[in-house]
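Next comes coords04.cif, with mmCIF, C-alpha atoms.
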```cif
data_entry
#
loop_
_atom_site.group_PDB
_atom_site.id
_atom_site.type_symbol
_atom_site.label_atom_id
_atom_site.label_comp_id
_atom_site.auth_asym_id
_atom_site.auth_seq_id
_atom_site.Cartn_x
_atom_site.Cartn_y
_atom_site.Cartn_z
ATOM 1 C CA MET A 1 2.307 -1.019 -13.040
ATOM 2 C CA GLY A 2 4.894 -2.472 -10.813
ATOM 3 C CA GLY A 3 8.538 -2.114 -10.001
ATOM 4 C CA ASN A 4 11.591 -4.251 -10.569
ATOM 5 C CA VAL A 5 14.796 -2.813 -9.100
ATOM 6 C CA ALA A 6 15.140 0.528 -10.976
ATOM 7 C CA ARG A 7 12.613 -0.255 -13.708
ATOM 8 C CA VAL A 8 8.902 0.254 -14.123
ATOM 9 C CA VAL A 9 7.037 -2.851 -15.280
ATOM 10 C CA VAL A 10 3.678 -2.715 -17.071
ATOM 11 C CA ARG A 11 1.805 -5.758 -15.761
ATOM 12 C CA ASP A 12 -1.436 -5.337 -17.678
ATOM 13 C CA TRP A 13 -2.772 -3.073 -20.373
ATOM 14 C CA VAL A 14 -6.392 -1.994 -20.871
ATOM 15 C CA GLU A 15 -7.209 -1.147 -24.460
ATOM 16 C CA GLN A 16 -10.961 -0.677 -24.597
ATOM 17 C CA PRO A 17 -13.285 2.275 -25.053
ATOM 18 C CA VAL A 18 -13.958 4.114 -21.782
ATOM 19 C CA ARG A 19 -17.696 3.491 -22.261
ATOM 20 C CA LEU A 20 -17.125 -0.279 -22.253
ATOM 21 C CA VAL A 21 -14.871 -0.163 -19.181
ATOM 22 C CA LYS A 22 -17.491 1.955 -17.349
ATOM 23 C CA ASN A 23 -20.181 -0.625 -18.225
ATOM 24 C CA ASN A 24 -17.903 -3.438 -17.013
ATOM 25 C CA VAL A 25 -17.317 -1.668 -13.691
ATOM 26 C CA ARG A 26 -21.054 -0.981 -13.294
ATOM 27 C CA THR A 27 -21.766 -4.684 -13.915
ATOM 28 C CA TRP A 28 -18.996 -5.589 -11.449
ATOM 29 C CA PHE A 29 -20.650 -3.610 -8.648
ATOM 30 C CA ASP A 30 -24.086 -5.007 -9.555
ATOM 31 C CA ASP A 31 -22.684 -8.552 -9.400
ATOM 32 C CA HIS A 32 -21.372 -8.266 -5.846
ATOM 33 C CA ARG A 33 -23.766 -5.731 -4.292
ATOM 34 C CA ILE A 34 -25.141 -7.172 -1.062
ATOM 35 C CA VAL A 35 -27.074 -6.033 2.003
ATOM 36 C CA ASP A 36 -25.099 -5.998 5.247
ATOM 37 C CA ALA A 37 -26.988 -8.087 7.811
ATOM 38 C CA TRP A 38 -25.882 -5.834 10.701
ATOM 39 C CA THR A 39 -26.668 -2.418 9.248
ATOM 40 C CA GLY A 40 -29.252 -3.228 6.570
ATOM 41 C CA GLU A 41 -27.353 -1.039 4.103
ATOM 42 C CA VAL A 42 -26.295 -2.018 0.599
ATOM 43 C CA VAL A 43 -22.562 -2.722 0.543
ATOM 44 C CA LYS A 44 -20.239 -2.136 -2.402
ATOM 45 C CA VAL A 45 -16.825 -3.581 -1.655
ATOM 46 C CA LYS A 46 -13.525 -2.362 -3.112
ATOM 47 C CA VAL A 47 -11.392 -4.761 -5.140
ATOM 48 C CA SER A 48 -8.634 -4.513 -2.540
ATOM 49 C CA GLN A 49 -11.046 -5.546 0.245
ATOM 50 C CA LEU A 50 -12.349 -8.487 -1.813
ATOM 51 C CA ALA A 51 -8.754 -9.635 -2.299
ATOM 52 C CA ARG A 52 -8.017 -9.102 1.411
ATOM 53 C CA VAL A 53 -10.983 -11.217 2.605
ATOM 54 C CA ALA A 54 -9.858 -14.096 0.396
ATOM 55 C CA GLY A 55 -7.045 -14.569 2.907
ATOM 56 C CA ARG A 56 -6.787 -15.750 6.483
ATOM 57 C CA PHE A 57 -8.510 -13.924 9.337
ATOM 58 C CA GLU A 58 -6.626 -13.675 12.613
ATOM 59 C CA ALA A 59 -8.830 -13.393 15.682
ATOM 60 C CA GLY A 60 -7.930 -10.604 18.086
ATOM 61 C CA ARG A 61 -6.120 -11.269 21.308
ATOM 62 C CA ASN A 62 -7.939 -10.863 24.620
ATOM 63 C CA GLY A 63 -11.277 -10.426 22.881
ATOM 64 C CA GLY A 64 -10.073 -7.540 20.708
ATOM 65 C CA PRO A 65 -11.021 -7.111 17.068
ATOM 66 C CA GLY A 66 -9.318 -9.381 14.584
ATOM 67 C CA THR A 67 -7.549 -8.487 11.379
ATOM 68 C CA TRP A 68 -6.987 -9.916 7.927
ATOM 69 C CA THR A 69 -3.461 -11.119 7.223
ATOM 70 C CA ARG A 70 -1.387 -8.638 5.260
ATOM 71 C CA PHE A 71 -0.611 -9.219 1.598
ATOM 72 C CA GLY A 72 2.644 -11.117 1.277
ATOM 73 C CA ALA A 73 2.692 -12.141 4.943
ATOM 74 C CA SER A 74 3.660 -15.651 5.912
ATOM 75 C CA GLY A 75 0.552 -17.842 6.089
ATOM 76 C CA GLU A 76 -1.754 -15.358 4.345
ATOM 77 C CA HIS A 77 -3.460 -18.241 2.495
ATOM 78 C CA ARG A 78 -4.624 -16.167 -0.480
ATOM 79 C CA PRO A 79 -4.717 -17.439 -4.031
ATOM 80 C CA PRO A 80 -1.696 -16.129 -5.929
ATOM 81 C CA ASP A 81 -2.292 -12.879 -7.815
ATOM 82 C CA VAL A 82 -5.894 -12.638 -6.547
ATOM 83 C CA PHE A 83 -5.895 -8.827 -6.538
ATOM 84 C CA HIS A 84 -4.849 -8.553 -10.186
ATOM 85 C CA ARG A 85 -7.301 -11.278 -11.217
ATOM 86 C CA LEU A 86 -10.175 -9.485 -9.461
ATOM 87 C CA LEU A 87 -9.127 -6.158 -10.984
ATOM 88 C CA GLY A 88 -9.079 -7.737 -14.449
ATOM 89 C CA ALA A 89 -12.522 -9.194 -13.819
ATOM 90 C CA ALA A 90 -13.809 -5.750 -12.838
ATOM 91 C CA LEU A 91 -12.311 -3.713 -15.663
ATOM 92 C CA LEU A 92 -12.334 -6.209 -18.525
ATOM 93 C CA LYS A 93 -15.200 -8.479 -17.459
ATOM 94 C CA ARG A 94 -12.816 -11.420 -17.299
ATOM 95 C CA PRO A 95 -13.882 -14.586 -15.475
ATOM 96 C CA LEU A 96 -12.895 -15.037 -11.845
ATOM 97 C CA PRO A 97 -10.232 -17.575 -10.925
ATOM 98 C CA PRO A 98 -11.951 -20.997 -11.125
ATOM 99 C CA LYS A 99 -11.082 -22.136 -7.598
ATOM 100 C CA LEU A 100 -11.833 -18.830 -5.848
ATOM 101 C CA LEU A 101 -15.321 -19.823 -4.676
ATOM 102 C CA ASN A 102 -14.094 -23.079 -3.116
ATOM 103 C CA HIS A 103 -11.176 -21.259 -1.528
ATOM 104 C CA VAL A 104 -13.382 -18.590 0.102
ATOM 105 C CA ILE A 105 -15.842 -21.165 1.450
ATOM 106 C CA HIS A 106 -12.913 -23.135 2.846
ATOM 107 C CA ARG A 107 -11.517 -19.964 4.509
ATOM 108 C CA ILE A 108 -14.923 -19.223 6.073
ATOM 109 C CA ARG A 109 -15.072 -22.713 7.508
ATOM 110 C CA ILE A 110 -11.495 -22.561 8.846
ATOM 111 C CA ASP A 111 -11.668 -18.968 10.172
ATOM 112 C CA GLY A 112 -15.265 -19.134 11.408
ATOM 113 C CA ARG A 113 -15.837 -15.668 9.964
ATOM 114 C CA LEU A 114 -18.409 -14.563 7.399
ATOM 115 C CA ASP A 115 -18.846 -10.836 6.908
ATOM 116 C CA ALA A 116 -20.434 -8.676 4.217
ATOM 117 C CA ALA A 117 -17.242 -8.563 2.128
ATOM 118 C CA ARG A 118 -16.881 -12.353 2.056
ATOM 119 C CA ALA A 119 -20.599 -12.738 1.287
ATOM 120 C CA ALA A 120 -20.157 -10.255 -1.573
ATOM 121 C CA LEU A 121 -17.217 -12.273 -2.898
ATOM 122 C CA ILE A 122 -19.317 -15.447 -2.824
ATOM 123 C CA ARG A 123 -22.161 -13.655 -4.619
ATOM 124 C CA LEU A 124 -19.734 -12.371 -7.246
ATOM 125 C CA ALA A 125 -18.269 -15.836 -7.808
ATOM 126 C CA LEU A 126 -21.728 -17.361 -8.177
ATOM 127 C CA ARG A 127 -23.007 -14.640 -10.524
ATOM 128 C CA ARG A 128 -19.900 -14.927 -12.700
ATOM 129 C CA HIS A 129 -19.773 -18.725 -12.678
ATOM 130 C CA PRO A 130 -19.150 -20.082 -16.205
ATOM 131 C CA SER A 131 -22.032 -22.569 -16.011
ATOM 132 C CA LEU A 132 -24.556 -19.732 -15.571
ATOM 133 C CA PRO A 133 -25.860 -18.456 -18.938
ATOM 134 C CA GLU A 134 -25.226 -14.753 -19.623
ATOM 135 C CA HIS A 135 -28.922 -13.820 -19.653
ATOM 136 C CA ASP A 136 -29.453 -15.370 -16.180
ATOM 137 C CA ARG A 137 -26.697 -13.141 -14.782
ATOM 138 C CA GLU A 138 -28.781 -10.042 -15.449
ATOM 139 C CA SER A 139 -31.360 -10.835 -12.751
#
```

Let me see whether you can do it: turn the structure in this file into C-alpha cells.
Amino acid sequence: MGGNVARVVVRDWVEQPVRLVKNNVRTWFDDHRIVDAWTGEVVKVKVSQLARVAGRFEAGRNGGPGTWTRFGASGEHRPPDVFHRLLGAALLKRPLPPKLLNHVIHRIRIDGRLDAARAALIRLALRRHPSLPEHDRES
C-alpha cells in the first residue's frame, strides 16, 4: 500500500494460500541465514535492513559509528525499488533483481564495509541465482 495525495494505492497484491506464503518466508530466512563473525550467533535479517545495506554507508565523524544513508536521501546509491523487490522475493519466492549481487559487492568495495547484513544479502543473491538448479538451493 502506498499513498498518492488523498488516495490509497495498492502497489502489489498477494493471492496465494497462507501455507505457501509461510513456506516461501521460511525458505527466505533459510536462504540468507548467516553466522555473525563477531558474536558467533546465527543472524536473520529483516527485509528493511537488507534493503538498507544495499545503499551507501557513511562513516562516522571523529571516529563515531557510521550510518546507512536514509531511503530517498540524495546519494543513497540503492537500486530503485529494492525494498519492494526483496519483499516480493520473500513472500512470493520471486527472483532477486539481476544486478543486486554486483551492486552490493561494488558498495562493499567503495564503502570498505562488510557486516553480517551485507554478507547475508550476498548469500541470498548467490542461493537465489538463476543459474543454480533448484535442487542445489536446498543444501

May I have the residues within 9 Å of Pro97 in chain A as an mmCIF file with C-alpha atoms, in the coordinates of the input, using only C-alpha atoms and disregarding those fewer than 5 positions away in the same chain?
```
data_model
loop_
_atom_site.group_PDB
_atom_site.id
_atom_site.type_symbol
_atom_site.label_atom_id
_atom_site.label_comp_id
_atom_site.auth_asym_id
_atom_site.auth_seq_id
_atom_site.Cartn_x
_atom_site.Cartn_y
_atom_site.Cartn_z
ATOM 1 C CA PRO A 79 -4.717 -17.439 -4.031
ATOM 2 C CA VAL A 82 -5.894 -12.638 -6.547
ATOM 3 C CA ARG A 85 -7.301 -11.278 -11.217
ATOM 4 C CA LEU A 86 -10.175 -9.485 -9.461
ATOM 5 C CA ALA A 125 -18.269 -15.836 -7.808
#
```

(message) Nearest residue to Arg52 in chain A out of A:Asp30, A:Glu15, A:Asp36, A:Glu76, using all atoms listed in the file?
(response)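 For Arg52 in chain A, the nearest of the candidates is A:Glu76.
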
For the file shown, what are the residues hit by the PyMOL selection byres ((chain A and resi 48) around 10), laid out as a PDB file with C-alpha atoms, in the coordinates of the input?
```
ATOM      1  CA  VAL A  45     -16.825  -3.581  -1.655  1.00  0.00           C
ATOM      2  CA  LYS A  46     -13.525  -2.362  -3.112  1.00  0.00           C
ATOM      3  CA  VAL A  47     -11.392  -4.761  -5.140  1.00  0.00           C
ATOM      4  CA  GLN A  49     -11.046  -5.546   0.245  1.00  0.00           C
ATOM      5  CA  LEU A  50     -12.349  -8.487  -1.813  1.00  0.00           C
ATOM      6  CA  ALA A  51      -8.754  -9.635  -2.299  1.00  0.00           C
ATOM      7  CA  ARG A  52      -8.017  -9.102   1.411  1.00  0.00           C
ATOM      8  CA  VAL A  53     -10.983 -11.217   2.605  1.00  0.00           C
ATOM      9  CA  VAL A  82      -5.894 -12.638  -6.547  1.00  0.00           C
ATOM     10  CA  PHE A  83      -5.895  -8.827  -6.538  1.00  0.00           C
ATOM     11  CA  HIS A  84      -4.849  -8.553 -10.186  1.00  0.00           C
ATOM     12  CA  LEU A  86     -10.175  -9.485  -9.461  1.00  0.00           C
ATOM     13  CA  LEU A  87      -9.127  -6.158 -10.984  1.00  0.00           C
TER      14      LEU A  87
END
```

(request) Taking (-22.3, -5.1, 0.7) in the file's own coordinates, collect the residues within 7 Å, counting only C-alpha atoms, and hand them back as a PyMOL selection string. (result) chain A and resi 33-36+42-45+116-117+120

Can those selected residues be exported to a file as a short mmCIF file (atom, residue, chain, number, x, y, z; two decimals), in the coordinates of the input so that it contains C-alpha atoms?
```cif
data_model
loop_
_atom_site.label_atom_id
_atom_site.label_comp_id
_atom_site.auth_asym_id
_atom_site.auth_seq_id
_atom_site.Cartn_x
_atom_site.Cartn_y
_atom_site.Cartn_z
CA ARG A 33 -23.77 -5.73 -4.29
CA ILE A 34 -25.14 -7.17 -1.06
CA VAL A 35 -27.07 -6.03 2.00
CA ASP A 36 -25.10 -6.00 5.25
CA VAL A 42 -26.30 -2.02 0.60
CA VAL A 43 -22.56 -2.72 0.54
CA LYS A 44 -20.24 -2.14 -2.40
CA VAL A 45 -16.82 -3.58 -1.66
CA ALA A 116 -20.43 -8.68 4.22
CA ALA A 117 -17.24 -8.56 2.13
CA ALA A 120 -20.16 -10.26 -1.57
#
```

(request) Quick one: everything within 8 Å of range 100-113 of chain A, counting only C-alpha atoms, minus sequence neighbours fewer than 6 positions away in the same chain. Send it as a PyMOL selection string. (result) chain A and resi 54-58+79+121-122+125-126

Print the selection's residues with C-alpha atoms to a file, as an mmCIF file, keeping the file's coordinate frame.
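Written file, out-v1.cif:
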```cif
data_model
loop_
_atom_site.group_PDB
_atom_site.id
_atom_site.type_symbol
_atom_site.label_atom_id
_atom_site.label_comp_id
_atom_site.auth_asym_id
_atom_site.auth_seq_id
_atom_site.Cartn_x
_atom_site.Cartn_y
_atom_site.Cartn_z
ATOM 1 C CA ALA A 54 -9.858 -14.096 0.396
ATOM 2 C CA GLY A 55 -7.045 -14.569 2.907
ATOM 3 C CA ARG A 56 -6.787 -15.750 6.483
ATOM 4 C CA PHE A 57 -8.510 -13.924 9.337
ATOM 5 C CA GLU A 58 -6.626 -13.675 12.613
ATOM 6 C CA PRO A 79 -4.717 -17.439 -4.031
ATOM 7 C CA LEU A 121 -17.217 -12.273 -2.898
ATOM 8 C CA ILE A 122 -19.317 -15.447 -2.824
ATOM 9 C CA ALA A 125 -18.269 -15.836 -7.808
ATOM 10 C CA LEU A 126 -21.728 -17.361 -8.177
#
```

(request) Mind giving me the straight-line distance from CA of Val14 in chain A to CA of Arg78 in chain A in Å, one decimal? (result)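 The value is 24.9 Å.
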
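Here CA of Asn24 in chain A and CA of Leu91 in chain A stand 5.8 Å from one another.
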
(message) What does the structure give for the distance between CA of Leu20 in chain A and CA of Pro95 in chain A, in Å to one decimal?
(response)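 Here the two named atoms are 16.2 Å from each other.
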
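Between Trp13 in chain A and the residues A:Gly60, A:Pro98, A:Gly40, A:Gly88, the shortest atom-to-atom distance, using all atoms listed in the file, involves A:Gly88.
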
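For the residues A:Val5, A:Leu114, A:Ala73, A:Leu92, ranking by smallest atom-to-atom distance to Arg26 in chain A using all atoms listed in the file places A:Leu92 first.
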
(request) Can you work out which one of A:Arg128, A:Gly75, A:Asp81, A:Asp115 has the shortest atom-to-atom distance to Thr39 in chain A, counting all atoms listed in the file? (result) A:Asp115

(message) My list of candidates is A:Ser74, A:Thr27, A:Thr69, A:Gln16. Which is closest to Leu124 in chain A when distances are computed with only C-alpha atoms?
(response) A:Thr27

Could you pull range 16-44 of chain A out of the structure just shown and give N, CA, C and O atoms as a PDB file, in the first residue's frame?
```pdb
ATOM      1  N   GLN A  16      -2.185 -15.973  -2.702  1.00  0.00           N
ATOM      2  CA  GLN A  16      -1.669 -17.330  -2.565  1.00  0.00           C
ATOM      3  C   GLN A  16      -2.168 -17.888  -1.245  1.00  0.00           C
ATOM      4  O   GLN A  16      -2.444 -17.129  -0.320  1.00  0.00           O
ATOM      5  N   PRO A  17      -2.240 -19.211  -1.133  1.00  0.00           N
ATOM      6  CA  PRO A  17      -2.609 -19.784   0.159  1.00  0.00           C
ATOM      7  C   PRO A  17      -1.584 -19.395   1.236  1.00  0.00           C
ATOM      8  O   PRO A  17      -0.385 -19.282   0.957  1.00  0.00           O
ATOM      9  N   VAL A  18      -2.071 -19.192   2.449  1.00  0.00           N
ATOM     10  CA  VAL A  18      -1.198 -18.793   3.559  1.00  0.00           C
ATOM     11  C   VAL A  18      -0.086 -19.823   3.750  1.00  0.00           C
ATOM     12  O   VAL A  18       1.056 -19.462   4.029  1.00  0.00           O
ATOM     13  N   ARG A  19      -0.397 -21.097   3.586  1.00  0.00           N
ATOM     14  CA  ARG A  19       0.595 -22.162   3.738  1.00  0.00           C
ATOM     15  C   ARG A  19       1.773 -21.940   2.790  1.00  0.00           C
ATOM     16  O   ARG A  19       2.930 -22.071   3.174  1.00  0.00           O
ATOM     17  N   LEU A  20       1.478 -21.578   1.541  1.00  0.00           N
ATOM     18  CA  LEU A  20       2.535 -21.361   0.555  1.00  0.00           C
ATOM     19  C   LEU A  20       3.373 -20.130   0.903  1.00  0.00           C
ATOM     20  O   LEU A  20       4.601 -20.161   0.798  1.00  0.00           O
ATOM     21  N   VAL A  21       2.720 -19.064   1.336  1.00  0.00           N
ATOM     22  CA  VAL A  21       3.453 -17.850   1.723  1.00  0.00           C
ATOM     23  C   VAL A  21       4.350 -18.154   2.924  1.00  0.00           C
ATOM     24  O   VAL A  21       5.502 -17.712   2.977  1.00  0.00           O
ATOM     25  N   LYS A  22       3.842 -18.919   3.900  1.00  0.00           N
ATOM     26  CA  LYS A  22       4.658 -19.287   5.068  1.00  0.00           C
ATOM     27  C   LYS A  22       5.877 -20.105   4.643  1.00  0.00           C
ATOM     28  O   LYS A  22       6.986 -19.881   5.136  1.00  0.00           O
ATOM     29  N   ASN A  23       5.704 -21.027   3.706  1.00  0.00           N
ATOM     30  CA  ASN A  23       6.840 -21.812   3.191  1.00  0.00           C
ATOM     31  C   ASN A  23       7.835 -20.911   2.469  1.00  0.00           C
ATOM     32  O   ASN A  23       9.049 -21.100   2.599  1.00  0.00           O
ATOM     33  N   ASN A  24       7.335 -19.946   1.698  1.00  0.00           N
ATOM     34  CA  ASN A  24       8.221 -19.013   0.995  1.00  0.00           C
ATOM     35  C   ASN A  24       9.041 -18.183   1.976  1.00  0.00           C
ATOM     36  O   ASN A  24      10.237 -17.975   1.780  1.00  0.00           O
ATOM     37  N   VAL A  25       8.406 -17.726   3.049  1.00  0.00           N
ATOM     38  CA  VAL A  25       9.119 -16.922   4.051  1.00  0.00           C
ATOM     39  C   VAL A  25      10.140 -17.781   4.790  1.00  0.00           C
ATOM     40  O   VAL A  25      11.265 -17.343   5.057  1.00  0.00           O
ATOM     41  N   ARG A  26       9.781 -19.024   5.100  1.00  0.00           N
ATOM     42  CA  ARG A  26      10.729 -19.939   5.755  1.00  0.00           C
ATOM     43  C   ARG A  26      11.955 -20.157   4.861  1.00  0.00           C
ATOM     44  O   ARG A  26      13.095 -20.098   5.325  1.00  0.00           O
ATOM     45  N   THR A  27      11.712 -20.387   3.568  1.00  0.00           N
ATOM     46  CA  THR A  27      12.811 -20.560   2.611  1.00  0.00           C
ATOM     47  C   THR A  27      13.649 -19.294   2.516  1.00  0.00           C
ATOM     48  O   THR A  27      14.874 -19.353   2.421  1.00  0.00           O
ATOM     49  N   TRP A  28      12.998 -18.143   2.550  1.00  0.00           N
ATOM     50  CA  TRP A  28      13.681 -16.845   2.502  1.00  0.00           C
ATOM     51  C   TRP A  28      14.689 -16.723   3.642  1.00  0.00           C
ATOM     52  O   TRP A  28      15.841 -16.374   3.437  1.00  0.00           O
ATOM     53  N   PHE A  29      14.253 -17.040   4.861  1.00  0.00           N
ATOM     54  CA  PHE A  29      15.158 -16.944   6.011  1.00  0.00           C
ATOM     55  C   PHE A  29      16.262 -17.998   5.930  1.00  0.00           C
ATOM     56  O   PHE A  29      17.402 -17.724   6.295  1.00  0.00           O
ATOM     57  N   ASP A  30      15.951 -19.185   5.434  1.00  0.00           N
ATOM     58  CA  ASP A  30      16.978 -20.216   5.260  1.00  0.00           C
ATOM     59  C   ASP A  30      18.023 -19.775   4.236  1.00  0.00           C
ATOM     60  O   ASP A  30      19.206 -20.069   4.391  1.00  0.00           O
ATOM     61  N   ASP A  31      17.582 -19.066   3.192  1.00  0.00           N
ATOM     62  CA  ASP A  31      18.496 -18.653   2.128  1.00  0.00           C
ATOM     63  C   ASP A  31      19.465 -17.560   2.544  1.00  0.00           C
ATOM     64  O   ASP A  31      20.523 -17.399   1.931  1.00  0.00           O
ATOM     65  N   HIS A  32      19.127 -16.761   3.549  1.00  0.00           N
ATOM     66  CA  HIS A  32      20.075 -15.702   3.927  1.00  0.00           C
ATOM     67  C   HIS A  32      20.582 -15.829   5.364  1.00  0.00           C
ATOM     68  O   HIS A  32      21.339 -14.972   5.831  1.00  0.00           O
ATOM     69  N   ARG A  33      20.241 -16.901   6.042  1.00  0.00           N
ATOM     70  CA  ARG A  33      20.745 -17.128   7.404  1.00  0.00           C
ATOM     71  C   ARG A  33      22.272 -17.219   7.376  1.00  0.00           C
ATOM     72  O   ARG A  33      22.848 -17.885   6.528  1.00  0.00           O
ATOM     73  N   ILE A  34      22.911 -16.523   8.300  1.00  0.00           N
ATOM     74  CA  ILE A  34      24.372 -16.481   8.310  1.00  0.00           C
ATOM     75  C   ILE A  34      24.858 -16.316   9.756  1.00  0.00           C
ATOM     76  O   ILE A  34      24.121 -15.818  10.604  1.00  0.00           O
ATOM     77  N   VAL A  35      26.068 -16.742  10.015  1.00  0.00           N
ATOM     78  CA  VAL A  35      26.646 -16.608  11.350  1.00  0.00           C
ATOM     79  C   VAL A  35      27.436 -15.303  11.407  1.00  0.00           C
ATOM     80  O   VAL A  35      28.287 -15.039  10.567  1.00  0.00           O
ATOM     81  N   ASP A  36      27.144 -14.492  12.416  1.00  0.00           N
ATOM     82  CA  ASP A  36      27.855 -13.237  12.615  1.00  0.00           C
ATOM     83  C   ASP A  36      29.266 -13.548  13.116  1.00  0.00           C
ATOM     84  O   ASP A  36      29.432 -14.239  14.125  1.00  0.00           O
ATOM     85  N   ALA A  37      30.269 -13.030  12.420  1.00  0.00           N
ATOM     86  CA  ALA A  37      31.660 -13.322  12.770  1.00  0.00           C
ATOM     87  C   ALA A  37      32.045 -12.757  14.137  1.00  0.00           C
ATOM     88  O   ALA A  37      32.929 -13.291  14.799  1.00  0.00           O
ATOM     89  N   TRP A  38      31.394 -11.686  14.588  1.00  0.00           N
ATOM     90  CA  TRP A  38      31.745 -11.057  15.855  1.00  0.00           C
ATOM     91  C   TRP A  38      31.123 -11.772  17.046  1.00  0.00           C
ATOM     92  O   TRP A  38      31.749 -11.915  18.082  1.00  0.00           O
ATOM     93  N   THR A  39      29.864 -12.186  16.901  1.00  0.00           N
ATOM     94  CA  THR A  39      29.155 -12.769  18.035  1.00  0.00           C
ATOM     95  C   THR A  39      29.064 -14.288  17.970  1.00  0.00           C
ATOM     96  O   THR A  39      28.825 -14.932  18.984  1.00  0.00           O
ATOM     97  N   GLY A  40      29.194 -14.856  16.774  1.00  0.00           N
ATOM     98  CA  GLY A  40      29.057 -16.295  16.599  1.00  0.00           C
ATOM     99  C   GLY A  40      27.612 -16.760  16.584  1.00  0.00           C
ATOM    100  O   GLY A  40      27.339 -17.954  16.560  1.00  0.00           O
ATOM    101  N   GLU A  41      26.675 -15.828  16.583  1.00  0.00           N
ATOM    102  CA  GLU A  41      25.254 -16.159  16.574  1.00  0.00           C
ATOM    103  C   GLU A  41      24.707 -16.166  15.153  1.00  0.00           C
ATOM    104  O   GLU A  41      25.187 -15.444  14.290  1.00  0.00           O
ATOM    105  N   VAL A  42      23.676 -16.981  14.941  1.00  0.00           N
ATOM    106  CA  VAL A  42      23.006 -17.017  13.648  1.00  0.00           C
ATOM    107  C   VAL A  42      22.177 -15.746  13.503  1.00  0.00           C
ATOM    108  O   VAL A  42      21.442 -15.360  14.411  1.00  0.00           O
ATOM    109  N   VAL A  43      22.311 -15.091  12.358  1.00  0.00           N
ATOM    110  CA  VAL A  43      21.634 -13.824  12.113  1.00  0.00           C
ATOM    111  C   VAL A  43      20.541 -14.019  11.074  1.00  0.00           C
ATOM    112  O   VAL A  43      20.770 -14.632  10.032  1.00  0.00           O
ATOM    113  N   LYS A  44      19.355 -13.519  11.387  1.00  0.00           N
ATOM    114  CA  LYS A  44      18.251 -13.446  10.432  1.00  0.00           C
ATOM    115  C   LYS A  44      17.949 -11.964  10.264  1.00  0.00           C
ATOM    116  O   LYS A  44      17.608 -11.288  11.230  1.00  0.00           O
TER     117      LYS A  44
END
```
